[in-house]
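Visitor: Here it is, the structure in full.
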Amino acid sequence: QGHERPEGDFCPICTLPIPLPTSKHSDFWVCCMKRVCHGCILAAQNRGMFECPFCRTPTTQDNTSLLAMAQKRVDKKDPAAILFLGDQYCHGKLGLDRDVQRSIEIFTEAAELGSINAHFELGNKFDSGEGVIQDKAKAVQHWEMAAIQGDIESRNSLGVNEINNGNYERAVKHFLIAAKMGNEVALGNVNKMFANGLATREQYAEALKGFQDSVDEMHSQERDEGTTVCRDVQREEIAREIANRNRES
């Protein structure tokens, strides 16, 4: 179980798995709670479509409107929307005051409704003790719930946990699974274990080949172009922000 990525990691338009980390290779659309890869976004814009490429809802940057969109889906018990709302409270986004304890309550509801990412977030909170009493066992339980459903970050966290407990054979197994699913961090962890004599040369070779196969599966020309365009836009936004700060100072 957990050797294939979950449905939410696939672009709903081209149906290819989104490269990792997904936040750098796709955009999340609050209107429909879908994550669309940059290649499909660019393809839509090249056709003159600048609204949501999936549901065609006009885009907005207004916090009130975005929260209203999310709340509409929260009221219908959409676990993705509930997870999104919890994330806003967790980081104090969209004009909401940061409230970690409230976010944990929301993450718990999302997890009960089947959100894989909510289990990952809860695992992180119980692991660090942020907003809750630290409980490593509960952290592992949540990561395991997410990992068996294909969550790669949870799988990697389980590997780190096993290393901390001195269970190196179990750790490398977790990292191998995550690396074969395209997680570069897990691949790096296998490399470090190999360098320290905790993993075999064969295991590292297996991780490397599996990682490359996964990357090849996620590749497309449209995505390469989309990533380049997004990077250019981000550079322009950073340059404008620096210029504005310099003017203010």
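Every chain in the structure tokens takes a letter, A first, then B, and so on in the order presented; its residues are numbered from 1, and the ligands are numbered from 1 following the presented order.
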Just the residues within 12 Å of Phe10 in chain A, please, counting only C-alpha atoms, with nothing from its chain fewer than 2 positions along; format it as a ChimeraX atom specification.
Guide: /A:4-8,12-20,22,25-26,34-37,40,150,217-218
Visitor: Write the residues of the preceding selection, restricted to C-alpha atoms, as a short mmCIF file (atom, residue, chain, number, x, y, z; two decimals), in the first residue's frame.
Guide:
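Produced file result.cif, reproduced below:
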```cif
data_model
loop_
_atom_site.label_atom_id
_atom_site.label_comp_id
_atom_site.auth_asym_id
_atom_site.auth_seq_id
_atom_site.Cartn_x
_atom_site.Cartn_y
_atom_site.Cartn_z
CA GLU A 4 1.23 5.06 -5.91
CA ARG A 5 0.55 8.77 -5.60
CA PRO A 6 -2.96 9.86 -4.59
CA GLU A 7 -5.51 11.36 -6.96
CA GLY A 8 -4.85 14.88 -5.69
CA PRO A 12 -7.10 17.07 -13.41
CA ILE A 13 -6.63 18.33 -16.98
CA CYS A 14 -3.66 16.44 -18.46
CA THR A 15 -4.02 13.64 -15.84
CA LEU A 16 -0.23 13.39 -15.40
CA PRO A 17 1.30 13.29 -11.90
CA ILE A 18 2.49 16.76 -10.89
CA PRO A 19 6.27 17.07 -10.33
CA LEU A 20 7.47 17.51 -6.75
CA THR A 22 3.73 20.20 -6.30
CA HIS A 25 4.97 23.10 -10.43
CA SER A 26 1.27 23.88 -10.12
CA LYS A 34 -8.11 21.69 -7.76
CA ARG A 35 -4.35 21.80 -8.28
CA VAL A 36 -3.50 22.35 -11.97
CA CYS A 37 0.00 21.94 -13.40
CA CYS A 40 -2.00 23.20 -18.48
CA GLY A 150 0.29 7.50 -1.20
CA GLU A 217 6.72 10.02 -16.18
CA MET A 218 5.93 13.55 -14.97
#
```
Visitor: Show me, as a list in words, the residues that have an atom within 9 Å of range 176-188 of chain A when counting only C-alpha atoms, minus same-chain residues fewer than 5 positions from it.
Guide: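 Final neighbour list, sorted by chain and number: Gly2, His3, Glu4, Arg5, Pro19, Leu20, Pro21, Gly150, Asp151, Ile152, Glu153, Arg155, Asn156, Gly159, Ala171, Met193, Gln203, Tyr204, Glu206, Ala207, Leu208, Lys209, Gly210, Phe211, Gln212, Asp213, Ser214, Val215 and Met218 of chain A.
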Visitor: Tell me which of A:Ser115, A:Asn191, A:Ser154, A:Ser128 sits closest to Lys77 in chain A, counting only C-alpha atoms.
Guide: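 The answer is A:Ser115, which sits nearest to Lys77 in chain A.
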Visitor: Hey, can you check how far CA of Lys138 in chain A sits from CA of Leu85 in chain A?
Guide: 22.5 Å
Visitor: Among range 10-176 of chain A, which ones does DSSP assign to strand (DSSP E or B) (computed from the backbone)? Answer as a ChimeraX atom specification.
Guide: /A:10,17,26-29,34-37
Visitor: Separation of CA of Phe126 in chain A and CA of Asn161 in chain A, in Å?
Guide: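 Straight-line distance from CA of Phe126 in chain A to CA of Asn161 in chain A works out to 12.8 Å.
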Visitor: Write out as a list in words the residues lying within 7 Å of range 49-57 of chain A, counting only C-alpha atoms and excluding same-chain residues fewer than 3 positions away.
Guide: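 Final neighbour list, sorted by chain and number: Ile13, Trp29, Cys31, Cys32, Ile41, Ala44 and Gln45 of chain A.
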Visitor: Restrict the selected residues to N, CA and C atoms and save them as a PDB file, in the first residue's frame.
Guide:
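Written file, result_3.pdb:
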```
ATOM      1  N   ILE A  13      -6.442  18.036 -15.559  1.00  0.00           N
ATOM      2  CA  ILE A  13      -6.632  18.333 -16.983  1.00  0.00           C
ATOM      3  C   ILE A  13      -5.818  17.378 -17.853  1.00  0.00           C
ATOM      4  N   TRP A  29      -6.373  26.200  -7.049  1.00  0.00           N
ATOM      5  CA  TRP A  29      -7.504  27.066  -7.372  1.00  0.00           C
ATOM      6  C   TRP A  29      -8.601  26.877  -6.333  1.00  0.00           C
ATOM      7  N   CYS A  31     -11.551  28.124  -6.161  1.00  0.00           N
ATOM      8  CA  CYS A  31     -12.919  28.011  -6.690  1.00  0.00           C
ATOM      9  C   CYS A  31     -13.385  26.562  -6.785  1.00  0.00           C
ATOM     10  N   CYS A  32     -12.489  25.665  -7.183  1.00  0.00           N
ATOM     11  CA  CYS A  32     -12.862  24.257  -7.368  1.00  0.00           C
ATOM     12  C   CYS A  32     -12.004  23.316  -6.524  1.00  0.00           C
ATOM     13  N   ILE A  41      -1.942  25.319 -17.291  1.00  0.00           N
ATOM     14  CA  ILE A  41      -2.286  26.733 -17.092  1.00  0.00           C
ATOM     15  C   ILE A  41      -1.776  27.560 -18.261  1.00  0.00           C
ATOM     16  N   ALA A  44      -3.811  26.956 -21.399  1.00  0.00           N
ATOM     17  CA  ALA A  44      -5.088  27.671 -21.358  1.00  0.00           C
ATOM     18  C   ALA A  44      -4.886  29.156 -21.663  1.00  0.00           C
ATOM     19  N   GLN A  45      -3.836  29.745 -21.085  1.00  0.00           N
ATOM     20  CA  GLN A  45      -3.575  31.165 -21.316  1.00  0.00           C
ATOM     21  C   GLN A  45      -3.196  31.434 -22.761  1.00  0.00           C
TER      22      GLN A  45
END
```
Visitor: Which of these residues is nearest to Lys125 in chain A, using only C-alpha atoms: A:Asn189, A:Asn46, A:Gln101, A:Asn164?
Guide: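 Smallest distance to Lys125 in chain A is found for A:Gln101.
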Visitor: Pick out the closest residue to Asn124 in chain A from this set: A:Thr108, A:Ser157, A:Gln149, A:Thr60. Count only C-alpha atoms.
Guide: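 Distance minimum relative to Asn124 in chain A lands on A:Ser157.
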Visitor: So that I can check the surroundings of Ala118 in chain A, please list as a tab-separated table (two decimals) with N, CA, C and O atoms, in the first residue's frame every protein, DNA and RNA residue that reaches within 8 Å of it, counting only C-alpha atoms and ignoring chain neighbours fewer than 6 positions away.
Guide:
```tsv
chain	number	residue	atom	x	y	z
A	83	LEU	N	-9.47	21.41	4.61
A	83	LEU	CA	-8.02	21.45	4.75
A	83	LEU	C	-7.48	22.83	4.40
A	83	LEU	O	-6.62	23.38	5.10
A	107	PHE	N	-8.11	20.67	10.76
A	107	PHE	CA	-7.38	19.56	10.14
A	107	PHE	C	-7.97	18.21	10.58
A	107	PHE	O	-8.06	17.27	9.78
A	108	THR	N	-8.35	18.13	11.86
A	108	THR	CA	-8.92	16.89	12.38
A	108	THR	C	-10.22	16.55	11.66
A	108	THR	O	-10.46	15.39	11.29
A	110	ALA	N	-11.04	17.54	8.63
A	110	ALA	CA	-10.70	17.17	7.26
A	110	ALA	C	-10.18	15.73	7.19
A	110	ALA	O	-10.51	14.98	6.27
A	111	ALA	N	-9.36	15.35	8.17
A	111	ALA	CA	-8.82	14.00	8.20
A	111	ALA	C	-9.94	12.97	8.37
A	111	ALA	O	-9.94	11.92	7.72
```
Visitor: Can you pull out the residues contacting range 64-76 of chain A? Cut-off 7 Å, using only C-alpha atoms, and skip same-chain residues under 5 positions away; I want them as a list of chain:residue names.
Guide: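 Answer for this query is A:Val30, A:Cys31, A:Ala81, A:Ile82.
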Visitor: Keeping C-alpha atoms for every residue in the selection just given, could you write it to a file as a compact mmCIF listing (two decimals), in the first residue's frame?
Guide:
```txt
# COMPACT_ATOMS: atom_id res chain seq x y z
CA VAL A 30 -9.83 27.88 -4.48
CA CYS A 31 -12.92 28.01 -6.69
CA ALA A 81 -11.85 22.93 1.29
CA ILE A 82 -11.74 22.19 5.02
```
Visitor: Do a neighbour search on Cys90 in chain A at 10 Å with only C-alpha atoms, toss out local chain neighbours closer than 5 positions, and write the hits as a PyMOL selection string.
Guide: chain A and resi 84-85+96-104+106-107+131
Visitor: Please produce an output containing N, CA and C atoms for each residue in the selection, written as a PDB file, in the first residue's frame.
Guide:
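This went into out36.pdb:
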```pdb
ATOM      1  N   PHE A  84      -7.975  23.404   3.301  1.00  0.00           N
ATOM      2  CA  PHE A  84      -7.544  24.735   2.863  1.00  0.00           C
ATOM      3  C   PHE A  84      -7.824  25.769   3.950  1.00  0.00           C
ATOM      4  N   LEU A  85      -9.011  25.717   4.542  1.00  0.00           N
ATOM      5  CA  LEU A  85      -9.371  26.676   5.590  1.00  0.00           C
ATOM      6  C   LEU A  85      -8.449  26.509   6.793  1.00  0.00           C
ATOM      7  N   LEU A  96      -7.009  36.275   7.914  1.00  0.00           N
ATOM      8  CA  LEU A  96      -7.381  35.614   9.167  1.00  0.00           C
ATOM      9  C   LEU A  96      -6.244  35.726  10.180  1.00  0.00           C
ATOM     10  N   ASP A  97      -6.593  35.849  11.461  1.00  0.00           N
ATOM     11  CA  ASP A  97      -5.580  35.837  12.508  1.00  0.00           C
ATOM     12  C   ASP A  97      -5.016  34.423  12.635  1.00  0.00           C
ATOM     13  N   ARG A  98      -3.731  34.323  12.860  1.00  0.00           N
ATOM     14  CA  ARG A  98      -3.111  33.004  13.009  1.00  0.00           C
ATOM     15  C   ARG A  98      -3.633  32.324  14.272  1.00  0.00           C
ATOM     16  N   ASP A  99      -4.129  31.121  14.118  1.00  0.00           N
ATOM     17  CA  ASP A  99      -4.713  30.380  15.232  1.00  0.00           C
ATOM     18  C   ASP A  99      -4.402  28.898  15.008  1.00  0.00           C
ATOM     19  N   VAL A 100      -3.283  28.431  15.556  1.00  0.00           N
ATOM     20  CA  VAL A 100      -2.829  27.062  15.314  1.00  0.00           C
ATOM     21  C   VAL A 100      -3.786  26.048  15.914  1.00  0.00           C
ATOM     22  N   GLN A 101      -4.293  26.331  17.129  1.00  0.00           N
ATOM     23  CA  GLN A 101      -5.217  25.386  17.759  1.00  0.00           C
ATOM     24  C   GLN A 101      -6.493  25.229  16.932  1.00  0.00           C
ATOM     25  N   ARG A 102      -6.989  26.334  16.397  1.00  0.00           N
ATOM     26  CA  ARG A 102      -8.175  26.275  15.534  1.00  0.00           C
ATOM     27  C   ARG A 102      -7.864  25.478  14.276  1.00  0.00           C
ATOM     28  N   SER A 103      -6.668  25.676  13.730  1.00  0.00           N
ATOM     29  CA  SER A 103      -6.294  24.942  12.513  1.00  0.00           C
ATOM     30  C   SER A 103      -6.246  23.447  12.780  1.00  0.00           C
ATOM     31  N   ILE A 104      -5.789  23.045  13.955  1.00  0.00           N
ATOM     32  CA  ILE A 104      -5.724  21.624  14.293  1.00  0.00           C
ATOM     33  C   ILE A 104      -7.120  21.027  14.368  1.00  0.00           C
ATOM     34  N   ILE A 106      -9.649  22.030  12.673  1.00  0.00           N
ATOM     35  CA  ILE A 106     -10.127  21.944  11.282  1.00  0.00           C
ATOM     36  C   ILE A 106      -9.429  20.800  10.549  1.00  0.00           C
ATOM     37  N   PHE A 107      -8.108  20.670  10.760  1.00  0.00           N
ATOM     38  CA  PHE A 107      -7.382  19.556  10.140  1.00  0.00           C
ATOM     39  C   PHE A 107      -7.965  18.212  10.576  1.00  0.00           C
ATOM     40  N   GLY A 131       0.850  23.721  19.065  1.00  0.00           N
ATOM     41  CA  GLY A 131      -0.604  23.807  19.217  1.00  0.00           C
ATOM     42  C   GLY A 131      -1.232  22.627  19.918  1.00  0.00           C
TER      43      GLY A 131
END
```
Visitor: With distances taken over only C-alpha atoms, which residue among A:Leu158, A:Glu169, A:Met145, A:Gly48 lies nearest Glu112 in chain A?
Guide: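 Smallest separation from Glu112 in chain A among the options: A:Met145.
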